[in-house]
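S.K.: Data: structure_34.tsv, TSV, C-alpha atoms.
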```tsv
chain	number	residue	atom	x	y	z
A	1	MET	CA	-80.62	-55.16	141.32
A	2	ASP	CA	-83.76	-56.81	139.97
A	3	SER	CA	-86.72	-54.64	140.96
A	4	HIS	CA	-89.27	-57.39	140.36
A	5	ALA	CA	-90.68	-59.05	143.52
A	6	GLU	CA	-91.04	-62.82	143.70
A	7	ASN	CA	-94.30	-64.69	144.28
A	8	GLU	CA	-94.50	-67.38	146.95
A	9	ASP	CA	-93.83	-70.05	144.31
A	10	GLY	CA	-90.61	-68.31	143.27
A	11	SER	CA	-91.96	-66.88	140.03
A	12	VAL	CA	-91.39	-63.25	139.24
A	13	ALA	CA	-94.34	-61.00	140.03
A	14	GLU	CA	-95.21	-58.52	137.34
A	15	PRO	CA	-95.34	-54.89	138.50
A	16	ALA	CA	-98.77	-53.32	138.77
A	17	THR	CA	-99.75	-51.65	135.53
A	18	GLU	CA	-101.62	-48.43	135.01
A	19	GLY	CA	-104.45	-50.45	133.53
A	20	ALA	CA	-104.73	-52.54	136.70
A	21	HIS	CA	-105.01	-49.38	138.83
A	22	GLU	CA	-107.69	-48.02	136.52
A	23	SER	CA	-109.58	-51.32	136.74
A	24	ARG	CA	-109.50	-51.22	140.55
A	25	ASP	CA	-110.67	-47.60	140.55
A	26	ALA	CA	-113.54	-48.45	138.22
A	27	GLY	CA	-114.50	-51.39	140.43
A	28	ALA	CA	-114.49	-49.20	143.54
A	29	LYS	CA	-116.68	-46.61	141.81
A	30	SER	CA	-119.16	-49.31	140.79
A	31	LEU	CA	-119.34	-50.61	144.36
A	32	ARG	CA	-119.98	-47.10	145.68
A	33	LYS	CA	-122.82	-46.66	143.20
A	34	MET	CA	-124.33	-50.00	144.22
A	35	ALA	CA	-124.09	-48.95	147.87
A	36	LEU	CA	-125.90	-45.69	147.06
A	37	VAL	CA	-128.73	-47.67	145.49
A	38	LEU	CA	-129.03	-50.11	148.41
A	39	ASP	CA	-128.89	-47.25	150.95
A	40	SER	CA	-131.89	-45.63	149.27
A	41	PHE	CA	-134.25	-48.33	150.54
A	42	SER	CA	-135.74	-47.90	154.00
A	43	ARG	CA	-138.74	-48.77	156.14
A	44	HIS	CA	-140.55	-45.79	154.63
A	45	LYS	CA	-139.35	-46.53	151.11
A	46	PRO	CA	-139.32	-50.35	150.87
A	47	SER	CA	-140.00	-50.35	147.12
A	48	MET	CA	-138.59	-47.90	144.58
A	49	THR	CA	-138.69	-47.48	140.81
A	50	VAL	CA	-135.71	-46.72	138.62
A	51	ALA	CA	-136.86	-43.10	138.41
A	52	GLU	CA	-137.14	-42.82	142.20
A	53	LEU	CA	-133.72	-44.39	142.70
A	54	SER	CA	-132.24	-42.00	140.16
A	55	GLN	CA	-133.71	-39.05	142.04
A	56	ALA	CA	-132.55	-40.38	145.42
A	57	THR	CA	-128.97	-41.11	144.33
A	58	GLY	CA	-128.40	-38.48	141.66
A	59	LEU	CA	-127.29	-41.19	139.23
A	60	PRO	CA	-128.60	-41.36	135.63
A	61	LYS	CA	-131.51	-43.71	134.97
A	62	THR	CA	-129.40	-45.77	132.57
A	63	THR	CA	-126.82	-46.33	135.31
A	64	ILE	CA	-129.53	-47.19	137.85
A	65	HIS	CA	-131.11	-49.67	135.45
A	66	ARG	CA	-127.78	-51.44	134.92
A	67	ILE	CA	-127.16	-51.59	138.69
A	68	VAL	CA	-130.60	-52.87	139.70
A	69	VAL	CA	-130.51	-55.58	137.04
A	70	SER	CA	-127.10	-56.76	138.34
A	71	LEU	CA	-128.31	-56.68	141.97
A	72	ARG	CA	-131.49	-58.52	141.01
A	73	ASP	CA	-129.52	-61.23	139.22
A	74	VAL	CA	-127.54	-62.02	142.40
A	75	GLY	CA	-130.59	-61.88	144.71
A	76	MET	CA	-129.80	-58.61	146.47
A	77	LEU	CA	-132.87	-56.96	144.94
A	78	ASP	CA	-136.28	-58.35	144.00
A	79	GLN	CA	-138.53	-56.96	141.27
A	80	ASP	CA	-142.19	-56.58	142.20
A	81	GLY	CA	-145.09	-58.02	140.23
A	82	ARG	CA	-145.62	-54.82	138.26
A	83	ARG	CA	-141.98	-55.08	137.18
A	84	GLN	CA	-141.60	-51.36	137.79
A	85	GLY	CA	-140.46	-51.33	141.41
A	86	TYR	CA	-137.57	-52.97	143.21
A	87	ARG	CA	-137.13	-53.97	146.86
A	88	LEU	CA	-134.35	-55.51	148.92
A	89	GLY	CA	-134.01	-59.23	148.25
A	90	LEU	CA	-133.75	-62.17	150.62
A	91	LYS	CA	-129.99	-62.29	150.06
A	92	MET	CA	-129.79	-59.06	152.06
A	93	PHE	CA	-131.61	-60.77	154.93
A	94	HIS	CA	-129.03	-63.55	154.76
A	95	TYR	CA	-126.21	-61.03	154.99
A	96	GLY	CA	-127.97	-59.17	157.80
A	97	SER	CA	-128.47	-62.35	159.80
A	98	SER	CA	-124.78	-63.16	159.42
A	99	VAL	CA	-123.86	-59.69	160.66
A	100	LEU	CA	-126.15	-60.02	163.68
A	101	ALA	CA	-124.69	-63.43	164.50
A	102	SER	CA	-121.21	-61.92	164.58
A	103	LEU	CA	-122.12	-58.91	166.74
A	104	ASP	CA	-121.09	-59.09	170.36
A	105	THR	CA	-123.05	-56.00	171.41
A	106	PRO	CA	-126.60	-57.45	171.33
A	107	THR	CA	-125.48	-60.53	173.26
A	108	ARG	CA	-123.90	-58.54	176.07
A	109	ALA	CA	-126.68	-55.97	176.10
A	110	HIS	CA	-129.59	-58.42	176.09
A	111	PRO	CA	-129.98	-58.93	179.87
A	112	HIS	CA	-130.15	-55.17	180.39
A	113	VAL	CA	-132.55	-54.67	177.48
A	114	ALA	CA	-134.82	-57.42	178.82
A	115	LYS	CA	-134.75	-55.92	182.32
A	116	LEU	CA	-135.69	-52.49	180.97
A	117	GLN	CA	-138.64	-54.03	179.14
A	118	GLN	CA	-139.84	-55.72	182.32
A	119	LEU	CA	-139.54	-52.46	184.25
A	120	THR	CA	-141.39	-50.32	181.71
A	121	GLY	CA	-143.74	-52.72	179.94
A	122	GLU	CA	-143.00	-50.89	176.70
A	123	ILE	CA	-141.05	-51.71	173.53
A	124	ILE	CA	-137.27	-51.48	173.89
A	125	HIS	CA	-134.92	-50.91	170.96
A	126	LEU	CA	-131.15	-51.19	170.78
A	127	HIS	CA	-129.71	-49.34	167.78
A	128	MET	CA	-126.18	-49.01	166.39
A	129	PHE	CA	-124.92	-46.40	163.94
A	130	ASP	CA	-123.96	-47.86	160.55
A	131	GLY	CA	-122.34	-44.78	159.06
A	132	SER	CA	-125.49	-43.01	157.92
A	133	GLN	CA	-128.42	-44.18	160.05
A	134	MET	CA	-129.33	-46.14	163.15
A	135	VAL	CA	-129.83	-49.89	162.68
A	136	CYS	CA	-131.92	-51.85	165.17
A	137	VAL	CA	-130.02	-54.91	166.37
A	138	GLU	CA	-132.43	-55.88	169.16
A	139	ARG	CA	-136.09	-55.28	169.94
A	140	GLU	CA	-137.79	-56.47	173.13
A	141	GLU	CA	-141.52	-56.33	173.81
A	142	MET	CA	-144.02	-57.95	176.16
A	143	THR	CA	-146.09	-59.69	173.50
A	144	SER	CA	-143.29	-61.72	171.95
A	145	ALA	CA	-139.90	-63.20	172.56
A	146	SER	CA	-136.81	-61.11	171.98
A	147	ARG	CA	-136.39	-60.39	168.29
A	148	THR	CA	-133.56	-59.05	166.21
A	149	THR	CA	-134.04	-56.97	163.10
A	150	LEU	CA	-132.01	-54.82	160.77
A	151	GLN	CA	-134.68	-52.15	160.52
A	152	ALA	CA	-133.07	-48.75	160.08
A	153	ALA	CA	-134.05	-45.38	161.55
A	154	PRO	CA	-132.93	-41.81	160.79
A	155	THR	CA	-130.58	-40.14	163.26
A	156	TYR	CA	-132.17	-36.68	163.38
A	157	CYS	CA	-135.77	-37.51	164.32
A	158	THR	CA	-135.59	-40.56	166.60
A	159	SER	CA	-134.59	-40.77	170.26
A	160	VAL	CA	-131.86	-43.36	169.53
A	161	GLY	CA	-130.56	-41.28	166.64
A	162	LYS	CA	-130.46	-38.01	168.52
A	163	ALA	CA	-128.93	-39.70	171.59
A	164	PHE	CA	-126.14	-40.87	169.28
A	165	LEU	CA	-125.83	-37.69	167.23
A	166	ALA	CA	-125.58	-35.39	170.27
A	167	PHE	CA	-122.15	-36.82	171.10
A	168	GLN	CA	-120.65	-36.69	167.60
A	169	ASN	CA	-118.53	-34.00	165.98
A	170	GLU	CA	-120.19	-31.25	163.97
A	171	GLU	CA	-118.68	-32.56	160.73
A	172	LEU	CA	-120.72	-35.77	161.01
A	173	ILE	CA	-123.84	-33.84	162.00
A	174	ARG	CA	-123.48	-31.57	158.97
A	175	ARG	CA	-122.96	-34.61	156.73
A	176	ILE	CA	-126.21	-36.11	158.01
A	177	VAL	CA	-128.03	-32.82	157.48
A	178	GLY	CA	-126.47	-32.50	154.02
A	179	GLY	CA	-128.23	-35.71	153.03
A	180	GLY	CA	-131.58	-34.01	153.62
A	181	LEU	CA	-133.93	-33.89	156.61
A	182	GLN	CA	-137.15	-35.47	155.46
A	183	ARG	CA	-140.28	-34.30	157.27
A	184	TYR	CA	-142.13	-37.37	158.57
A	185	THR	CA	-144.58	-35.52	160.83
A	186	PRO	CA	-145.32	-31.88	161.71
A	187	ASN	CA	-142.89	-32.30	164.66
A	188	THR	CA	-139.88	-33.42	162.59
A	189	ILE	CA	-136.85	-31.13	162.85
A	190	THR	CA	-135.83	-30.12	159.35
A	191	ASP	CA	-133.17	-27.40	159.79
A	192	LEU	CA	-129.61	-27.45	161.10
A	193	ASP	CA	-129.87	-24.68	163.72
A	194	THR	CA	-132.88	-26.24	165.44
A	195	LEU	CA	-131.21	-29.65	165.39
A	196	LEU	CA	-127.96	-28.30	166.86
A	197	ALA	CA	-129.91	-26.59	169.67
A	198	GLU	CA	-131.76	-29.83	170.40
A	199	LEU	CA	-128.52	-31.83	170.47
A	200	ALA	CA	-126.97	-29.35	172.92
A	201	VAL	CA	-129.88	-29.93	175.31
A	202	ILE	CA	-129.49	-33.70	174.93
A	203	ARG	CA	-125.77	-33.54	175.75
A	204	GLN	CA	-126.54	-31.60	178.92
A	205	ARG	CA	-129.32	-33.83	180.26
A	206	GLY	CA	-128.04	-37.18	178.95
A	207	TYR	CA	-131.13	-38.43	177.13
A	208	ALA	CA	-133.14	-37.70	173.96
A	209	ILE	CA	-136.87	-37.60	173.29
A	210	ASP	CA	-138.68	-38.39	170.05
A	211	ASP	CA	-141.83	-36.31	170.40
A	212	GLU	CA	-143.87	-37.86	167.58
A	213	GLU	CA	-141.11	-36.83	165.17
A	214	ILE	CA	-140.81	-40.05	163.16
A	215	GLU	CA	-144.39	-41.28	163.57
A	216	THR	CA	-147.53	-39.50	164.75
A	217	GLY	CA	-148.78	-41.02	168.01
A	218	LEU	CA	-145.40	-42.48	169.02
A	219	ARG	CA	-143.10	-41.05	171.70
A	220	CYS	CA	-139.72	-42.45	172.71
A	221	ILE	CA	-136.89	-41.74	175.12
A	222	GLY	CA	-133.33	-42.89	174.44
A	223	ALA	CA	-129.86	-42.69	175.97
A	224	PRO	CA	-126.36	-43.13	174.49
A	225	ILE	CA	-124.24	-46.27	174.76
A	226	ARG	CA	-120.44	-46.02	174.81
A	227	ASP	CA	-117.75	-48.50	173.83
A	228	SER	CA	-114.60	-49.24	175.83
A	229	THR	CA	-113.02	-45.98	174.64
A	230	GLN	CA	-116.07	-43.96	175.78
A	231	ARG	CA	-117.08	-43.28	172.19
A	232	VAL	CA	-120.85	-43.15	171.68
A	233	PHE	CA	-121.76	-45.63	168.95
A	234	ALA	CA	-125.23	-46.89	169.89
A	235	ALA	CA	-128.33	-46.08	171.94
A	236	VAL	CA	-131.16	-47.79	173.79
A	237	SER	CA	-134.74	-46.50	173.89
A	238	VAL	CA	-138.20	-47.01	175.35
A	239	SER	CA	-141.08	-46.48	172.90
A	240	GLY	CA	-144.82	-46.30	173.41
A	241	PRO	CA	-148.08	-44.68	172.30
A	242	ALA	CA	-148.22	-40.96	173.03
A	243	GLU	CA	-151.13	-41.41	175.44
A	244	ARG	CA	-148.99	-43.72	177.59
A	245	MET	CA	-145.90	-41.52	177.33
A	246	PRO	CA	-146.85	-38.03	178.60
A	247	ASP	CA	-144.11	-35.61	179.64
A	248	GLY	CA	-144.32	-36.71	183.29
A	249	ARG	CA	-143.73	-40.36	182.46
A	250	LEU	CA	-140.88	-39.57	180.07
A	251	LEU	CA	-139.23	-37.56	182.83
A	252	GLY	CA	-139.67	-40.47	185.24
A	253	LEU	CA	-138.23	-42.94	182.71
A	254	ALA	CA	-135.13	-40.85	182.01
A	255	PRO	CA	-133.00	-42.10	184.96
A	256	VAL	CA	-133.89	-45.73	184.20
A	257	VAL	CA	-133.03	-45.44	180.52
A	258	ILE	CA	-129.75	-43.65	181.29
A	259	GLN	CA	-128.86	-46.30	183.88
A	260	THR	CA	-129.59	-49.09	181.39
A	261	ALA	CA	-127.42	-47.41	178.75
A	262	ASN	CA	-124.60	-47.07	181.30
A	263	GLU	CA	-124.95	-50.72	182.36
A	264	ILE	CA	-124.69	-51.81	178.73
A	265	SER	CA	-121.63	-49.60	178.26
A	266	VAL	CA	-119.97	-51.21	181.29
A	267	ALA	CA	-120.88	-54.72	180.04
A	268	LEU	CA	-119.29	-53.98	176.67
A	269	ALA	CA	-116.08	-52.81	178.34
A	270	GLU	CA	-115.62	-56.01	180.37
```
Represent the supplied structure as structure tokens.

M.R.:
Amino acid sequence: MDSHAENEDGSVAEPATEGAHESRDAGAKSLRKMALVLDSFSRHKPSMTVAELSQATGLPKTTIHRIVVSLRDVGMLDQDGRRQGYRLGLKMFHYGSSVLASLDTPTRAHPHVAKLQQLTGEIIHLHMFDGSQMVCVEREEMTSASRTTLQAAPTYCTSVGKAFLAFQNEELIRRIVGGGLQRYTPNTITDLDTLLAELAVIRQRGYAIDDEEIETGLRCIGAPIRDSTQRVFAAVSVSGPAERMPDGRLLGLAPVVIQTANEISVALAE
């Protein structure tokens, strides 16, 4: 029996060669390295040099240089005026806008996010987990119309991140911790045991608090959002200046934030 498969046009398809497998493996490795470079940029690190990217990714400077030049040539990175630093290019904004346009979650959640903003008068964020961090897919505030953004936030020191992380398995939590817990403020949790204890409290009470952990002077309260299978994949939060968000107000906001998160979960299941 002839072991060769036929193509749609009737021609004989050549079997995959070892070289083809090696080529695919090399391509996959290159993509992973590019992803490592792109993941290194954040709100707190919008511009990075080759040396900084090498330190952040663990890749050699020669490899980083080759990657950033390729990403720059296709518009995914821009080089700053000093020609030493790189930042995400406008092509990334194009991709992000396309992703947002295809997401059903912000559309279904919007009425509930808008209502929460009206009730609290503070800034409301809706974040989804992207595999390593929380990505803001909707932001609502009094001073402007509803806006969408792809701004990212860490999981371990934000209310949306901790509200998500509290309902994940320990393997994921340890992977997040393994990536390093950067100290943003004196209140940032930077060790596993303290984080696990905090997440246990969050699971019990159903909401998370960012007590000036990502930014001094900012306090937030967030609650988890579940998909149709009851898996926590996102969170909604209320954020405001610390002077407007004392412990008493955070405690009073908790039931409203939890209710909003539950309403969004129900809307997503319909």

S.K.: Looking at all atoms listed in the file, which of A:Leu119, A:Ala267, A:Leu195, A:Ile225 is the one that sits closest to A:Thr158?

M.R.: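 Residue with the minimum atom-to-atom distance to A:Thr158: A:Leu195.
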
S.K.: With all atoms listed in the file as the counted atoms, please give the residues lying no more than 7 Å from stretch 209-211 of chain A, apart from itself and same-chain residues fewer than 4 positions off, as an NGL selection string.

M.R.: :A and (157-159 or 219-222)

S.K.: Excluding A:Met128 and any residue of its chain fewer than 5 positions from it, enumerate the residues within 7 Å of it, using only C-alpha atoms, and give them as a VMD selection string.

M.R.: chain A and resid 134 to 136 233 to 235

S.K.: Take the residues just selected and output them with C-alpha atoms as a tab-separated table (two decimals), in the frame of the given file.

M.R.:
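What follows is the written file again.tsv:
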```
chain	number	residue	atom	x	y	z
A	134	MET	CA	-129.33	-46.14	163.15
A	135	VAL	CA	-129.83	-49.89	162.68
A	136	CYS	CA	-131.92	-51.85	165.17
A	233	PHE	CA	-121.76	-45.63	168.95
A	234	ALA	CA	-125.23	-46.89	169.89
A	235	ALA	CA	-128.33	-46.08	171.94
```

S.K.: Taking all atoms listed in the file into account, name the residue in A:Ile123, A:Val177, A:Leu172, A:Leu116 that is nearest to A:Ile258.

M.R.: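 Answer, going by the shortest atom-to-atom distance: A:Leu116.
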
S.K.: Using all atoms listed in the file, can you tell me which of A:Val160, A:Ala152, A:Lys91, A:Gln230 comes closest to A:Asp73?

M.R.: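 Using all atoms listed in the file, A:Asp73 sits closest to A:Lys91.
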
S.K.: Please, what distance in Å, to one decimal, runs between atom CA of A:Gly89 and atom CA of A:Met34?

M.R.: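 Pair atom CA of A:Gly89 / atom CA of A:Met34 returns 14.0 Å.
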
S.K.: So which one's closest to A:Glu215, A:Arg183, A:Arg174, A:Arg24, A:Arg108? Using all atoms listed in the file, please.

M.R.: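 Of all the options, A:Arg183 lies closest to A:Glu215.
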
S.K.: Quick one: of A:Ser239, A:Gln133, A:Thr57, A:Thr188, who's nearest to A:Ile173, counting all atoms listed in the file?

M.R.: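 For A:Ile173, the nearest of the given residues is A:Gln133.
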
S.K.: Mind checking which residues fall within 12 Å of A:Thr229, counting only C-alpha atoms, ignoring those fewer than 2 positions away in the same chain, and posting them as a PyMOL selection string?

M.R.: chain A and resi 225-227+231-233+265-266+268-270

S.K.: One decimal, Å: what's the distance from atom CA of A:Pro111 over to atom CA of A:Glu141, could you say?

M.R.: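 Computed distance, atom CA of A:Pro111 to atom CA of A:Glu141, equals 13.3 Å.
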
S.K.: Measuring atom to atom with all atoms listed in the file, identify which of A:Ser132, A:Thr260, A:Thr216, A:Asn169 is nearest to A:Pro186.

M.R.: A:Thr216

S.K.: Within 12 Å of A:Gln55, counting only C-alpha atoms, which residues show up once you throw out same-chain ones fewer than 4 positions away? Write them as a list of chain:residue names, please.

M.R.: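 Final neighbour list, sorted by chain and number: A:Leu36, A:Val37, A:Ser40, A:Met48, A:Thr49, A:Val50, A:Ala51, A:Leu59, A:Pro60, A:Lys61, A:Ile64.
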
S.K.: How about saving the chosen residues, C-alpha atoms kept, as a PDB file, keeping the file's coordinate frame?

M.R.:
```pdb
ATOM      1  CA  LEU A  36    -125.900 -45.690 147.060  1.00  0.00           C
ATOM      2  CA  VAL A  37    -128.730 -47.670 145.490  1.00  0.00           C
ATOM      3  CA  SER A  40    -131.890 -45.630 149.270  1.00  0.00           C
ATOM      4  CA  MET A  48    -138.590 -47.900 144.580  1.00  0.00           C
ATOM      5  CA  THR A  49    -138.690 -47.480 140.810  1.00  0.00           C
ATOM      6  CA  VAL A  50    -135.710 -46.720 138.620  1.00  0.00           C
ATOM      7  CA  ALA A  51    -136.860 -43.100 138.410  1.00  0.00           C
ATOM      8  CA  LEU A  59    -127.290 -41.190 139.230  1.00  0.00           C
ATOM      9  CA  PRO A  60    -128.600 -41.360 135.630  1.00  0.00           C
ATOM     10  CA  LYS A  61    -131.510 -43.710 134.970  1.00  0.00           C
ATOM     11  CA  ILE A  64    -129.530 -47.190 137.850  1.00  0.00           C
TER      12      ILE A  64
END
```

S.K.: Work out how far apart atom CA of A:Thr107 and atom CA of A:Arg139 are and give it in Å to one decimal.

M.R.: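 Taking atom CA of A:Thr107 and atom CA of A:Arg139, their separation equals 12.3 Å.
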
S.K.: May I have the residues within 6 Å of A:His125 as a list in words, using only C-alpha atoms and disregarding those fewer than 3 positions away in the same chain?

M.R.: Glu138, Arg139, Val236 and Ser237 of chain A
